[in-house]
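**Student:** This is the structure, below, for whatever I ask next.
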Amino acid sequence: MLQACPLRLKPTVARWREAMSQSVLREVLALADREGVLSFAIGLPAGEFFPAAELGAAATRLLHADRRALQYGVPSFPLKQQIVELMALRGVSCRPEEIFLTTGAQQGMDLLSRLLVERGSPVILERVVYDGMQMAVKKLAPEILTVPTDPATGIDVDAVEEILEAGADHAFLYLITDGHNPLGVSVSREKRVQLADLARRHHLPIIEDDAYGFLFFEETAPPVRALDAEWILYLGSFSKILAPALRAGWVVVPEPLTAILSALKHSVDLDTPSFTHHVISEYLRSGALSEHLAVVRCEYRRRRDVLCAALSRQLADIARWSQPAGGMFLWLELPSSIDTAAGIATAIERFQVAFSPGRAFSVTGDDHARSCIRLAFANLAPDEIEEGVDRLARYVRWALH
Ligand SMILES: Cc1ncc(COP(=O)(O)O)c(C=O)c1O
């Protein structure tokens, strides 16, 4: 039998430590997978809508037609052309030469962060924001400036302006314009215009993450990239509109940056999963995406409505929550005496319900997020959502006593 071996190799993890502190939480959330637990914890798209048959047929066609589909290769130009068409549906005009294919939006975040943080300037983040971006940034150890954000209105653009007016260069601002993770908010058209204007006036790169942009239930304005092609660096993803295991995403950047991104990417990821990209391209050629998106949007809207109605019935007297116009998340603010990170184990063990504690998304670990919860609603059927909120409400009442 193998003996447990003490680790004599000491990796240089100091700069990573802060980003990795969330891993304890991840361990707790692993419990959420247990039989019988209703989990709002992880942002999974609804698996029953994955277009498995169509993707399978596309893969089979490809493998029969062209063995080069399995070979190392240059990034798929046809897919880039199809992404240009997709971007047009978001109101964004761009060229295939401005598209850089990635292994998901997360890789886009990593590449763009490395590209921009090197300059040694501070990064601007909302106080509460997607933990994956925090991990991409914190490992590079830049100075991080935070701005307030709100579940009803999103990023505080005046606070961004104040920081910029104080002078100095900034590496970038990270922005989730639609279906914010974790707040579930979409920012107003007016704020989008202000942000594009700030980016231009202050030469501020904005990494605009549009991972949920195609999953809208209500009309929102086009992404900020529609307003500025120079300073807005756009992240797109097939994870939420097709399936996350495809590991396929893209960035839209000014053309000269694509060569630099390519060099950066080469060191960790010799080729994109190009077979997947060919399969997606084949799938898109069949024209099935628009029908698929219509079905998913309609179902997610229904799940959001069921969730909001259940929260109104169960928690209206003590909580407030966001009204997502798209995406997969809702942010729930509970009475300030509740520490949701401390309570998650009990919620799972005793009440059989799981959620993501707000603190997992807090950039500075500040107090407000302590009593908040992110509810991921896309991957639960409507009756499970109702039952889940019932259990959640019982946990909350228990936590208050
Ligand atoms: C805001 C946001 N951006 C990006 C990602 C990651 O996307 P991908 O699967 O394309 O890497 C996620 C995943 O949850 C996310 O919530």
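Residues are named by chain letter and number: chains run A, B, ... in the order of the structure tokens, numbers start at 1 in each chain, and ligands are numbered from 1 in the order shown.
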Please, which residues in chain A fall within 6 Å of ligand 1 when counting only C-alpha atoms and all ligand atoms, and what is the closest atom pair and distance in Å to one decimal for each, ordered by chain then residue number, as a Markdown table?

**Tutor:**
| residue | atom | partner | partner_atom_place_in_ligand_line | distance |
| --- | --- | --- | --- | --- |
| A:Gly43 | CA | ligand 1 | 14 (O) | 5.8 |
| A:Gly104 | CA | ligand 1 | 10 (O) | 3.4 |
| A:Ala105 | CA | ligand 1 | 10 (O) | 3.7 |
| A:Gln106 | CA | ligand 1 | 11 (O) | 3.7 |
| A:Tyr130 | CA | ligand 1 | 1 (C) | 5.6 |
| A:Asn181 | CA | ligand 1 | 1 (C) | 5.1 |
| A:Asp209 | CA | ligand 1 | 3 (N) | 5.9 |
| A:Ala211 | CA | ligand 1 | 3 (N) | 5.2 |
| A:Ser237 | CA | ligand 1 | 10 (O) | 4.3 |
| A:Ser239 | CA | ligand 1 | 9 (O) | 4.8 |
| A:Pro244 | CA | ligand 1 | 9 (O) | 5.2 |
| A:Gly249 | CA | ligand 1 | 10 (O) | 5.3 |

**Student:** Near A:Asp33, within 12 Å and counting only C-alpha atoms, which residues show up once chain neighbours fewer than 6 positions away are dropped, as an MDAnalysis selection string?

**Tutor:** chainID A and resid 26:27 39:42 348:349 352:355

**Student:** Okay, now the selection with C-alpha atoms, as a compact mmCIF listing (two decimals), in the first residue's frame?

**Tutor:**
# COMPACT_ATOMS: atom_id res chain seq x y z
CA ARG A 26 -16.18 24.39 -2.43
CA GLU A 27 -15.70 21.37 -0.21
CA SER A 39 -29.32 22.33 -4.73
CA PHE A 40 -29.47 25.95 -5.82
CA ALA A 41 -25.70 26.04 -5.25
CA ILE A 42 -23.95 25.57 -8.57
CA ILE A 348 -27.61 20.89 3.75
CA GLU A 349 -27.54 18.39 6.65
CA GLN A 352 -31.64 19.23 2.65
CA VAL A 353 -31.21 22.41 0.68
CA ALA A 354 -28.01 23.94 -0.71
CA PHE A 355 -27.12 27.43 -1.94

**Student:** When distances are computed from only C-alpha atoms, which of A:Glu97, A:Glu85, A:Glu299, A:Glu126 shows the smallest separation from A:Val160?

**Tutor:**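 The shortest atom-to-atom distance to A:Val160 comes from A:Glu126.
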
**Student:** Just to confirm, what's the straight-line distance from atom CA of A:Asp269 to atom CA of A:Leu112 in Å (one decimal)?

**Tutor:** 14.8 Å

**Student:** Among the residues of stretch 66-240 of chain A, find those DSSP assigns to strand (DSSP E) from the backbone and print them as a ChimeraX atom specification.

**Tutor:** /A:99-102,123-126,144-147,149-150,154-155,172-175,206-209,232-237

**Student:** Those residues with C-alpha atoms, as a JSON list (two decimals), in the first residue's frame please?

**Tutor:**
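Below is the file out.json, written as the result:
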[["chain", "number", "residue", "atom", "x", "y", "z"],
["A", 99, "ILE", "CA", -12.57, 36.74, -32.90],
["A", 100, "PHE", "CA", -10.20, 34.62, -30.83],
["A", 101, "LEU", "CA", -11.43, 31.13, -29.95],
["A", 102, "THR", "CA", -10.90, 29.90, -26.39],
["A", 123, "VAL", "CA", -7.86, 46.34, -11.59],
["A", 124, "ILE", "CA", -11.41, 47.58, -10.91],
["A", 125, "LEU", "CA", -13.98, 45.02, -9.77],
["A", 126, "GLU", "CA", -17.49, 45.24, -8.37],
["A", 144, "ILE", "CA", -7.68, 45.67, -6.69],
["A", 145, "LEU", "CA", -10.02, 48.63, -6.39],
["A", 146, "THR", "CA", -13.66, 47.86, -5.74],
["A", 147, "VAL", "CA", -16.83, 49.74, -6.58],
["A", 149, "THR", "CA", -22.84, 47.23, -6.87],
["A", 150, "ASP", "CA", -26.51, 46.58, -6.31],
["A", 154, "GLY", "CA", -25.85, 46.76, -10.90],
["A", 155, "ILE", "CA", -22.47, 48.43, -10.98],
["A", 172, "PHE", "CA", -9.15, 47.02, -16.68],
["A", 173, "LEU", "CA", -12.67, 47.02, -15.33],
["A", 174, "TYR", "CA", -14.54, 43.71, -15.36],
["A", 175, "LEU", "CA", -18.20, 43.95, -16.22],
["A", 206, "ILE", "CA", -13.35, 46.92, -20.06],
["A", 207, "ILE", "CA", -13.57, 43.14, -20.07],
["A", 208, "GLU", "CA", -17.24, 42.63, -20.81],
["A", 209, "ASP", "CA", -18.37, 39.12, -19.89],
["A", 232, "ILE", "CA", -14.32, 46.91, -24.84],
["A", 233, "LEU", "CA", -12.92, 43.38, -24.86],
["A", 234, "TYR", "CA", -15.84, 41.00, -25.14],
["A", 235, "LEU", "CA", -16.10, 37.47, -23.71],
["A", 236, "GLY", "CA", -18.59, 34.99, -25.14],
["A", 237, "SER", "CA", -19.31, 31.37, -24.27]]

**Student:** I need the helix (DSSP H, G or I) residues of stretch 232-365 of chain A per DSSP on the backbone, written as a PyMOL selection string.

**Tutor:** chain A and resi 244-246+255-266+274-285+289-315+340-351+358-361

**Student:** Which residues are near A:Gln81? Cut-off 10 Å, only C-alpha atoms, ignore same chain within fewer than 4 positions. Put them as JSON, numbers by chain.

**Tutor:** {"A": [76, 77, 85, 86, 87, 94, 95, 96, 97, 99, 281]}

**Student:** Mind dumping a table of every stretch 196-262 of chain A residue within 8 Å of stretch 313-326 of chain A, with the nearest atom pair and its distance in Å to one decimal, using only C-alpha atoms, sorted by chain and rising number, as CSV?

**Tutor:**
residue,atom,partner,partner_atom,distance
A:Tyr212,CA,A:Gly326,CA,7.1
A:Gly213,CA,A:Gly326,CA,7.4
A:Leu215,CA,A:Gly326,CA,5.4
A:Phe216,CA,A:Gly326,CA,3.9
A:Phe217,CA,A:Gly326,CA,5.2
A:Glu218,CA,A:Ala325,CA,5.3
A:Glu219,CA,A:Ala325,CA,7.8
A:Thr220,CA,A:Ala325,CA,7.8

**Student:** Extract, using only C-alpha atoms, all DNA, RNA and protein residues at most 10 Å from stretch 376-392 of chain A, discarding same-chain residues fewer than 3 positions from it, and format them as a ChimeraX atom specification.

**Tutor:** /A:37-49,181-182,184,296,299-311,313-315,327-331,347-348,350-356,373,395-398

**Student:** Nearest to A:Arg370 among A:Ala229, A:Phe238, A:Val128, A:Gln134, with distances taken over only C-alpha atoms: which residue is it?

**Tutor:**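 Closest to A:Arg370, using only C-alpha atoms: A:Val128.
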